[in-house]
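Trainee: upload_11.txt (compact mmCIF, C-alpha atoms and all ligand atoms) pasted underneath:
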```
# COMPACT_ATOMS: atom_id res chain seq x y z
CA MET Z 361 0.00 0.00 0.00
CA ILE Z 362 1.38 3.41 -0.95
CA ALA Z 363 1.09 5.65 2.10
CA PRO Z 364 -0.17 9.20 1.60
CA ILE Z 365 2.64 11.74 1.66
CA VAL Z 366 1.47 14.69 3.75
CA ARG Z 367 3.27 18.03 3.36
CA ASP Z 368 0.99 20.42 5.17
CA LYS Z 369 0.39 20.77 8.93
CA ALA Z 370 -3.36 21.33 8.57
CA ALA Z 371 -3.71 18.18 6.44
CA LEU Z 372 -1.74 16.17 9.00
CA ARG Z 373 -3.96 17.44 11.82
CA ALA Z 374 -7.12 16.60 9.80
CA MET Z 375 -5.83 13.07 9.34
CA VAL Z 376 -4.76 12.43 12.93
CA THR Z 377 -7.72 14.02 14.76
CA PRO Z 378 -10.27 11.28 13.91
CA TRP Z 379 -7.74 8.57 14.84
CA LYS Z 380 -7.26 10.14 18.25
CA ARG Z 381 -11.04 10.62 18.72
CA ALA Z 382 -11.53 6.93 17.96
CA GLY Z 383 -9.01 6.09 20.71
CA GLU Z 384 -6.48 4.62 18.29
CA VAL Z 385 -2.84 4.37 19.38
CA VAL Z 386 -0.70 6.54 17.12
CA GLY Z 387 2.99 5.72 16.64
CA VAL Z 388 5.63 7.94 15.07
CA VAL Z 389 9.02 7.03 13.58
CA PRO Z 390 11.02 10.26 13.17
CA THR Z 391 13.67 10.07 10.42
CA MET Z 392 15.70 12.25 8.11
CA GLY Z 393 15.06 9.84 5.23
CA ALA Z 394 17.63 7.73 3.33
CA LEU Z 395 15.85 4.84 4.99
CA HIS Z 396 17.77 1.64 5.67
CA ASP Z 397 16.95 -1.59 7.50
CA GLY Z 398 17.61 0.11 10.84
CA HIS Z 399 14.79 2.59 10.20
CA LEU Z 400 12.60 -0.18 8.81
CA SER Z 401 13.05 -2.17 12.05
CA LEU Z 402 11.63 0.87 13.90
CA VAL Z 403 8.69 0.96 11.48
CA ALA Z 404 8.07 -2.76 12.09
CA ALA Z 405 8.17 -2.19 15.87
CA ALA Z 406 5.73 0.72 15.53
CA LYS Z 407 3.38 -1.33 13.35
CA ALA Z 408 3.39 -4.14 15.92
CA ALA Z 409 2.57 -1.79 18.81
CA CYS Z 410 0.27 0.87 17.32
CA ASP Z 411 -3.01 1.17 15.39
CA ARG Z 412 -1.68 3.99 13.22
CA VAL Z 413 1.88 4.70 12.17
CA ILE Z 414 3.33 7.95 10.83
CA VAL Z 415 6.88 8.01 9.45
CA THR Z 416 8.38 11.49 9.32
CA ILE Z 417 11.06 12.54 6.83
CA PHE Z 418 12.70 15.91 7.43
CA VAL Z 419 16.37 16.75 7.00
CA ASN Z 420 16.51 19.12 9.94
CA PRO Z 421 18.90 22.02 9.22
CA LYS Z 422 18.99 23.01 12.92
CA GLN Z 423 20.86 19.87 13.94
CA PHE Z 424 23.71 20.23 11.42
CA ASN Z 425 26.61 22.28 12.67
CA ASN Z 426 28.42 21.97 9.34
CA PRO Z 427 26.76 23.35 6.16
CA GLU Z 428 28.68 20.89 3.96
CA ASP Z 429 27.37 17.97 6.02
CA LEU Z 430 23.80 19.30 5.56
CA ALA Z 431 24.30 19.74 1.81
CA ASN Z 432 25.75 16.21 1.43
CA TYR Z 433 23.08 14.48 3.51
CA PRO Z 434 21.39 11.92 1.23
CA ARG Z 435 17.85 12.83 0.10
CA THR Z 436 15.98 9.89 -1.38
CA GLU Z 437 12.26 10.56 -0.83
CA GLU Z 438 10.85 8.45 -3.69
CA ASP Z 439 12.98 5.50 -2.75
CA ASP Z 440 12.02 5.91 0.91
CA ALA Z 441 8.29 5.90 0.08
CA ARG Z 442 8.80 2.71 -1.94
CA LYS Z 443 10.64 1.03 0.96
CA LEU Z 444 7.72 1.84 3.27
CA GLU Z 445 5.09 0.32 0.95
CA ARG Z 446 5.26 -3.19 2.40
CA PHE Z 447 4.65 -1.93 5.95
CA GLY Z 448 1.30 -0.28 5.24
CA VAL Z 449 2.10 2.85 7.23
CA ASP Z 450 -0.75 5.35 7.48
CA ALA Z 451 1.11 8.53 6.54
CA ILE Z 452 4.52 9.86 5.60
CA TRP Z 453 4.93 13.35 7.05
CA VAL Z 454 7.33 15.32 4.85
CA PRO Z 455 7.22 18.97 5.92
CA ASP Z 456 9.38 21.49 4.11
CA GLY Z 457 11.49 24.10 5.91
CA ASP Z 458 8.65 26.66 5.94
CA GLN Z 459 6.20 24.22 7.49
CA MET Z 460 8.68 23.34 10.21
CA TYR Z 461 10.32 26.71 10.80
CA PRO Z 462 8.08 29.47 9.42
CA GLU Z 463 9.36 33.02 9.34
CA GLY Z 464 9.74 34.39 12.84
CA PHE Z 465 10.38 30.97 14.40
CA SER Z 466 12.30 31.72 17.60
CA THR Z 467 11.96 28.82 20.01
CA ASN Z 468 14.80 26.54 21.03
CA VAL Z 469 14.43 23.37 23.10
CA SER Z 470 17.62 22.65 25.02
CA VAL Z 471 18.20 19.64 27.28
CA SER Z 472 21.09 20.29 29.66
CA GLY Z 473 23.43 17.76 31.29
CA LEU Z 474 22.93 14.83 28.95
CA THR Z 475 24.03 16.94 25.99
CA ASP Z 476 27.33 18.25 27.41
CA CYS Z 477 29.34 15.19 26.42
CA LEU Z 478 29.91 12.83 23.44
CA CYS Z 479 28.25 14.22 20.27
CA GLY Z 480 27.11 17.27 22.27
CA ALA Z 481 30.74 18.25 22.94
CA THR Z 482 31.93 17.83 19.36
CA ARG Z 483 28.81 19.11 17.54
CA PRO Z 484 27.76 22.38 19.22
CA GLY Z 485 24.03 23.05 18.87
CA HIS Z 486 23.31 19.59 17.45
CA PHE Z 487 21.12 18.38 20.32
CA ASP Z 488 19.23 21.67 20.58
CA GLY Z 489 18.33 21.13 16.93
CA VAL Z 490 17.29 17.54 17.59
CA ALA Z 491 15.32 18.43 20.74
CA THR Z 492 13.53 21.30 18.99
CA VAL Z 493 12.49 19.33 15.94
CA VAL Z 494 11.55 16.20 17.89
CA SER Z 495 9.36 18.24 20.26
CA LYS Z 496 7.61 19.65 17.20
CA LEU Z 497 7.23 16.22 15.58
CA PHE Z 498 5.72 14.82 18.80
CA LEU Z 499 3.21 17.67 18.95
CA GLN Z 500 2.44 17.75 15.20
CA THR Z 501 1.69 14.01 15.09
CA SER Z 502 0.07 13.73 18.57
CA ALA Z 503 1.85 10.40 18.78
CA ASP Z 504 1.27 8.13 21.77
CA GLN Z 505 4.48 6.20 21.10
CA ALA Z 506 7.71 7.23 19.37
CA PHE Z 507 10.37 4.82 18.11
CA PHE Z 508 14.11 5.62 18.11
CA GLY Z 509 17.17 3.46 17.49
CA GLU Z 510 19.77 2.74 20.19
CA LYS Z 511 22.41 3.45 17.53
CA ASP Z 512 21.93 7.11 18.49
CA TYR Z 513 21.89 6.27 22.18
CA GLN Z 514 22.56 9.80 23.43
CA GLN Z 515 19.73 11.10 21.22
CA LEU Z 516 17.43 8.42 22.68
CA GLN Z 517 18.25 9.64 26.21
CA VAL Z 518 17.75 13.27 25.20
CA VAL Z 519 14.32 12.75 23.60
CA THR Z 520 13.17 10.58 26.51
CA ARG Z 521 14.18 13.38 28.90
CA LEU Z 522 12.50 16.17 26.91
CA ALA Z 523 9.21 14.27 26.61
CA ALA Z 524 9.18 13.78 30.39
CA ASP Z 525 10.29 17.34 31.19
CA LEU Z 526 7.79 19.00 28.84
CA ASP Z 527 4.91 16.69 29.82
CA ILE Z 528 4.46 15.57 26.22
CA PRO Z 529 2.22 12.50 26.50
CA VAL Z 530 4.34 10.19 24.39
CA THR Z 531 6.17 7.01 25.34
CA VAL Z 532 9.66 6.87 23.83
CA VAL Z 533 10.57 3.33 22.77
CA GLY Z 534 14.25 2.46 22.20
CA CYS Z 535 14.97 -0.29 19.64
CA PRO Z 536 18.22 -2.27 19.13
CA THR Z 537 20.88 -1.17 16.64
CA ILE Z 538 20.65 -3.02 13.34
CA ARG Z 539 24.01 -3.98 11.82
CA GLU Z 540 25.38 -5.05 8.47
CA GLU Z 541 26.69 -8.63 8.38
CA ASP Z 542 30.23 -7.37 9.05
CA GLY Z 543 29.10 -5.51 12.21
CA LEU Z 544 28.93 -1.97 10.82
CA ALA Z 545 25.99 -0.17 12.46
CA MET Z 546 23.44 0.80 9.81
CA SER Z 547 23.35 4.54 9.18
CA SER Z 548 22.25 6.82 6.35
CA ARG Z 549 25.78 8.21 6.40
CA ASN Z 550 27.19 4.82 5.30
CA LEU Z 551 25.96 5.77 1.80
CA LEU Z 552 28.67 8.46 1.81
CA LEU Z 553 31.51 5.94 2.29
CA SER Z 554 33.69 5.21 -0.73
CA ASP Z 555 34.04 1.51 -1.68
CA ARG Z 556 37.47 1.46 -0.08
CA ALA Z 557 36.32 3.17 3.14
CA ARG Z 558 33.35 0.78 3.35
CA VAL Z 559 35.84 -2.13 3.59
CA TYR Z 560 37.54 -0.61 6.66
CA ALA Z 561 34.46 0.90 8.34
CA PRO Z 562 33.58 -2.29 10.33
CA VAL Z 563 36.94 -2.05 12.15
CA LEU Z 564 35.27 0.51 14.44
CA ASN Z 565 32.79 -2.09 15.66
CA GLU Z 566 35.47 -4.83 15.83
CA VAL Z 567 37.66 -2.66 18.05
CA MET Z 568 34.69 -1.73 20.25
CA GLU Z 569 33.55 -5.36 20.62
CA GLU Z 570 37.05 -6.35 21.77
CA MET Z 571 37.15 -3.47 24.23
CA ALA Z 572 33.65 -4.30 25.50
CA GLU Z 573 34.72 -7.90 26.11
CA ALA Z 574 37.74 -6.76 28.14
CA LEU Z 575 35.64 -4.22 30.05
CA ARG Z 576 33.12 -6.92 30.93
CA GLY Z 577 36.08 -8.89 32.32
CA GLY Z 578 36.95 -5.98 34.66
CA ALA Z 579 39.59 -4.11 32.61
CA GLU Z 580 40.06 -0.35 32.96
CA ILE Z 581 39.33 1.56 29.78
CA ALA Z 582 42.58 3.56 30.03
CA ALA Z 583 44.58 0.34 29.64
CA LEU Z 584 42.72 -0.54 26.43
CA MET Z 585 42.97 2.83 24.69
CA PRO Z 586 46.46 2.79 23.10
CA LYS Z 587 45.87 -0.47 21.21
CA ALA Z 588 42.35 0.54 20.17
CA LEU Z 589 43.46 3.92 18.82
CA LYS Z 590 46.39 2.33 16.97
CA ARG Z 591 44.10 -0.19 15.28
CA LEU Z 592 41.73 2.57 14.16
CA GLU Z 593 44.63 4.59 12.81
CA VAL Z 594 46.01 1.62 10.87
CA ALA Z 595 42.54 1.02 9.38
CA GLY Z 596 42.54 4.60 8.05
CA PHE Z 597 40.47 6.44 10.66
CA THR Z 598 41.87 9.97 10.61
CA SER Z 599 40.55 11.14 13.96
CA VAL Z 600 38.54 9.90 16.91
CA ASP Z 601 36.08 12.40 18.41
CA TYR Z 602 35.53 10.13 21.41
CA LEU Z 603 35.98 6.55 22.56
CA GLU Z 604 34.57 6.45 26.07
CA LEU Z 605 32.85 4.28 28.64
CA ARG Z 606 29.87 5.98 30.28
CA ARG Z 607 27.00 5.08 32.58
CA ALA Z 608 24.01 3.87 30.58
CA ASP Z 609 21.49 6.05 32.40
CA ASP Z 610 23.03 9.51 32.93
CA LEU Z 611 26.06 9.22 30.59
CA GLN Z 612 28.58 10.04 33.33
CA LEU Z 613 32.15 8.89 32.56
CA LEU Z 614 33.31 5.53 33.93
CA ASP Z 615 36.82 4.07 34.31
CA ARG Z 616 35.55 0.52 34.45
CA ALA Z 617 32.21 -1.22 33.95
CA ASP Z 618 31.18 -1.64 37.58
CA VAL Z 619 27.63 -0.38 36.84
CA PRO Z 620 25.60 -0.84 33.61
CA GLY Z 621 27.59 1.11 31.05
CA ARG Z 622 27.90 1.81 27.39
CA LEU Z 623 31.00 2.09 25.26
CA PHE Z 624 30.61 5.02 22.85
CA ALA Z 625 32.67 5.97 19.79
CA ALA Z 626 32.66 8.57 17.05
CA ALA Z 627 35.46 8.46 14.49
CA TRP Z 628 36.19 9.85 11.04
CA LEU Z 629 36.95 7.63 8.06
CA ALA Z 630 37.62 9.23 4.67
CA GLY Z 631 35.63 12.34 5.58
CA VAL Z 632 32.64 10.44 7.02
CA ARG Z 633 31.85 10.54 10.73
CA LEU Z 634 30.79 7.12 12.04
CA ILE Z 635 29.26 6.56 15.47
CA ASP Z 636 28.49 3.40 17.41
CA ASN Z 637 27.80 2.24 20.97
CA ILE Z 638 27.68 -1.11 22.76
CA ALA Z 639 26.14 -2.13 26.09
CA VAL Z 640 28.77 -3.22 28.61
O1 LIG H 701 17.91 10.36 14.15
C1 LIG H 701 17.52 11.14 13.26
O2 LIG H 701 17.39 10.76 12.10
C2 LIG H 701 17.23 12.59 13.61
O3 LIG H 701 18.11 13.07 14.58
C3 LIG H 701 15.77 12.82 14.04
C4 LIG H 701 15.45 12.09 15.34
C5 LIG H 701 14.83 12.37 12.95
C6 LIG H 701 15.53 14.31 14.30
O4 LIG H 701 15.78 15.06 13.15
```
Could you render the structure as structure tokens?
Ligand code: PAF

Mentor:
Amino acid sequence: MIAPIVRDKAALRAMVTPWKRAGEVVGVVPTMGALHDGHLSLVAAAKAACDRVIVTIFVNPKQFNNPEDLANYPRTEEDDARKLERFGVDAIWVPDGDQMYPEGFSTNVSVSGLTDCLCGATRPGHFDGVATVVSKLFLQTSADQAFFGEKDYQQLQVVTRLAADLDIPVTVVGCPTIREEDGLAMSSRNLLLSDRARVYAPVLNEVMEEMAEALRGGAEIAALMPKALKRLEVAGFTSVDYLELRRADDLQLLDRADVPGRLFAAAWLAGVRLIDNIAV
């Protein structure tokens, strides 16, 4: 079934209002398009849990701190709509910039604490952009449940926090990271990897899995860093934004995994920034 593509806020509201009146459970899967199997696993989870499912596609300029990154972000709307056909979603919400940020738009949603570290430290303003657009998507769709991947674990924590803090009546559901056969976490950015870089990209996950194993055995992360960084360098990673062990709940730094933790990494390969995280 080809889902209706909705581009206008009033049309979206007219569609959702009768669903809500009928007491149907509405699910939303926020995306920036370039859909891959990771996104589609979120759509499947939403379909299983909700009566109505809205997939949103909006490449949100406010969360890009680099104009080149925004310009290069893959835009594949037709392909995305085709990939969604087999799921029978109820609507694809594709607002343009004016629908999302009309002239005079002046509000910023900022979640403190959780956003000071990891991607928040290396991408200033990124999480304000995410928090602002996700708040709007929650309110525009009136979703009861919202589905996010654990691949962007910090984002998942941030949107969970903002929904609670702003009393937005939506349950945020985190879903496991989907990986390629060689371990590379699925991401729209993988499309930007050259053939050669694609061969070396899974080394990030390999290195992290080895570290996670050692951390589970009681090792201190500091002892594991030199070898891990060397392996990444040899594989062609030009810089590492972070490779850190943090608490799973509040993202505070850890030396060793003596409470539930997560190993986080962001590293650059041939001009593409790859991120990943693993439960420890
Ligand atoms: O994860 C993403 O694709 C984006 O950050 C999101 C949640 C759709 C907000 O623009």

Trainee: Which chains and residue numbers are within 8 Å of ligand LIG 701 (chain H), counting only C-alpha atoms and all ligand atoms, if I want them as a ChimeraX atom specification?

Mentor: /Z:389-393,416-420,423,489-491,493-494,508-509,512,515

Trainee: Let me make sure I understand: among Z:Lys443, Z:Ala506, Z:Leu522, Z:Thr436, which one has the smallest atom-to-atom distance to Ala409 in chain Z if we use all atoms listed in the file?

Mentor: Z:Ala506

Trainee: Looking at all atoms listed in the file, which of Z:Thr520, Z:Asp555, Z:Ser547, Z:Gly621 is the one that sits closest to Ile581 in chain Z?

Mentor: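 Using all atoms listed in the file, Ile581 in chain Z sits closest to Z:Gly621.
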
Trainee: Could you tell me, as an NGL selection string, which residues have any atom at most 7 Å from (25.4, 1.5, 29.2), counting all atoms listed in the file?

Mentor: :Z and (606-609 or 620-623 or 639-640)

Trainee: Just C-alpha atoms for this one: save the residues we selected as an mmCIF file, in the frame of the given file.

Mentor:
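Saved the output as out.cif:
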```
data_model
loop_
_atom_site.group_PDB
_atom_site.id
_atom_site.type_symbol
_atom_site.label_atom_id
_atom_site.label_comp_id
_atom_site.auth_asym_id
_atom_site.auth_seq_id
_atom_site.Cartn_x
_atom_site.Cartn_y
_atom_site.Cartn_z
ATOM 1 C CA ARG Z 606 29.870 5.980 30.280
ATOM 2 C CA ARG Z 607 27.000 5.080 32.580
ATOM 3 C CA ALA Z 608 24.010 3.870 30.580
ATOM 4 C CA ASP Z 609 21.490 6.050 32.400
ATOM 5 C CA PRO Z 620 25.600 -0.840 33.610
ATOM 6 C CA GLY Z 621 27.590 1.110 31.050
ATOM 7 C CA ARG Z 622 27.900 1.810 27.390
ATOM 8 C CA LEU Z 623 31.000 2.090 25.260
ATOM 9 C CA ALA Z 639 26.140 -2.130 26.090
ATOM 10 C CA VAL Z 640 28.770 -3.220 28.610
#
```

Trainee: Might you pull out every residue within 9 Å of range 575-577 of chain Z, with all atoms listed in the file counted and same-chain residues fewer than 4 positions away left off, and present them as a PyMOL selection string?

Mentor: chain Z and resi 570-571+581+584+616-618+640

Trainee: Would you kindly return, as a ChimeraX atom specification, each protein, DNA or RNA residue with an atom no farther than 12 Å from any atom of range 481-487 of chain Z, considering all atoms listed in the file and excluding same-chain residues fewer than 6 positions away?

Mentor: /Z:420-426,429-430,468-475,493-495,512,514-519,522,600-602,625-627,633

Trainee: Could you state the separation of CA of Arg367 in chain Z and CA of Ile538 in chain Z in Å, given to one decimal place?

Mentor: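 Computing the Euclidean distance for CA of Arg367 in chain Z and CA of Ile538 in chain Z yields 29.1 Å.
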
Trainee: Work out how far apart CA of Val454 in chain Z and CA of Pro364 in chain Z are and give it in Å to one decimal.

Mentor: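 About the pair CA of Val454 in chain Z and CA of Pro364 in chain Z: they are 10.2 Å apart.
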
Trainee: Given the choices Z:Asp525, Z:Gln500, Z:His396, Z:Pro462, which gets closest to Met375 in chain Z if the distance is worked out from all atoms listed in the file?

Mentor: Z:Gln500

Trainee: Find the residues around Glu566 in chain Z up to 10 Å (all atoms listed in the file counted), leave out those fewer than 6 positions away in its own chain, and share them as number ranges by chain.

Mentor: Z: 542-544, 572, 588, 591-592

Trainee: Neighbouring residues of Glu445 in chain Z were defined as those with any atom within 7 Å, considering only C-alpha atoms; residues of the same chain fewer than 2 positions away were excluded. Please report them as a ChimeraX atom specification.

Mentor: /Z:361-363,441-443,447-448

Trainee: For Arg549 in chain Z, which of Z:Pro378, Z:Gly631, Z:Pro455, Z:Gly387 is the closest residue, counting only C-alpha atoms?

Mentor: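 That would be Z:Gly631, the residue with the smallest distance to Arg549 in chain Z.
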
Trainee: Quick one: pull the distance between CA of Tyr513 in chain Z and CA of Gln459 in chain Z, Å, one decimal.

Mentor: 28.0 Å

Trainee: Leaving out Gly596 in chain Z and any residue of its chain fewer than 4 positions from it, which residues lie within 12 Å of it when counting only C-alpha atoms, given as a list of chain:residue names?

Mentor: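 Neighbouring residues, sequence-local ones excluded: Z:Arg556, Z:Ala557, Z:Arg558, Z:Val559, Z:Tyr560, Z:Ala561, Z:Pro562, Z:Val563, Z:Leu564, Z:Leu589, Z:Lys590, Z:Arg591, Z:Leu592, Z:Val600, Z:Ala627, Z:Trp628, Z:Leu629, Z:Ala630, Z:Gly631, Z:Val632.
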
Trainee: Take the residues that were just selected and, keeping C-alpha atoms, output them as a PDB file, keeping the file's coordinate frame.

Mentor:
```pdb
ATOM      1  CA  ARG Z 556      37.470   1.460  -0.080  1.00  0.00           C
ATOM      2  CA  ALA Z 557      36.320   3.170   3.140  1.00  0.00           C
ATOM      3  CA  ARG Z 558      33.350   0.780   3.350  1.00  0.00           C
ATOM      4  CA  VAL Z 559      35.840  -2.130   3.590  1.00  0.00           C
ATOM      5  CA  TYR Z 560      37.540  -0.610   6.660  1.00  0.00           C
ATOM      6  CA  ALA Z 561      34.460   0.900   8.340  1.00  0.00           C
ATOM      7  CA  PRO Z 562      33.580  -2.290  10.330  1.00  0.00           C
ATOM      8  CA  VAL Z 563      36.940  -2.050  12.150  1.00  0.00           C
ATOM      9  CA  LEU Z 564      35.270   0.510  14.440  1.00  0.00           C
ATOM     10  CA  LEU Z 589      43.460   3.920  18.820  1.00  0.00           C
ATOM     11  CA  LYS Z 590      46.390   2.330  16.970  1.00  0.00           C
ATOM     12  CA  ARG Z 591      44.100  -0.190  15.280  1.00  0.00           C
ATOM     13  CA  LEU Z 592      41.730   2.570  14.160  1.00  0.00           C
ATOM     14  CA  VAL Z 600      38.540   9.900  16.910  1.00  0.00           C
ATOM     15  CA  ALA Z 627      35.460   8.460  14.490  1.00  0.00           C
ATOM     16  CA  TRP Z 628      36.190   9.850  11.040  1.00  0.00           C
ATOM     17  CA  LEU Z 629      36.950   7.630   8.060  1.00  0.00           C
ATOM     18  CA  ALA Z 630      37.620   9.230   4.670  1.00  0.00           C
ATOM     19  CA  GLY Z 631      35.630  12.340   5.580  1.00  0.00           C
ATOM     20  CA  VAL Z 632      32.640  10.440   7.020  1.00  0.00           C
TER      21      VAL Z 632
END
```
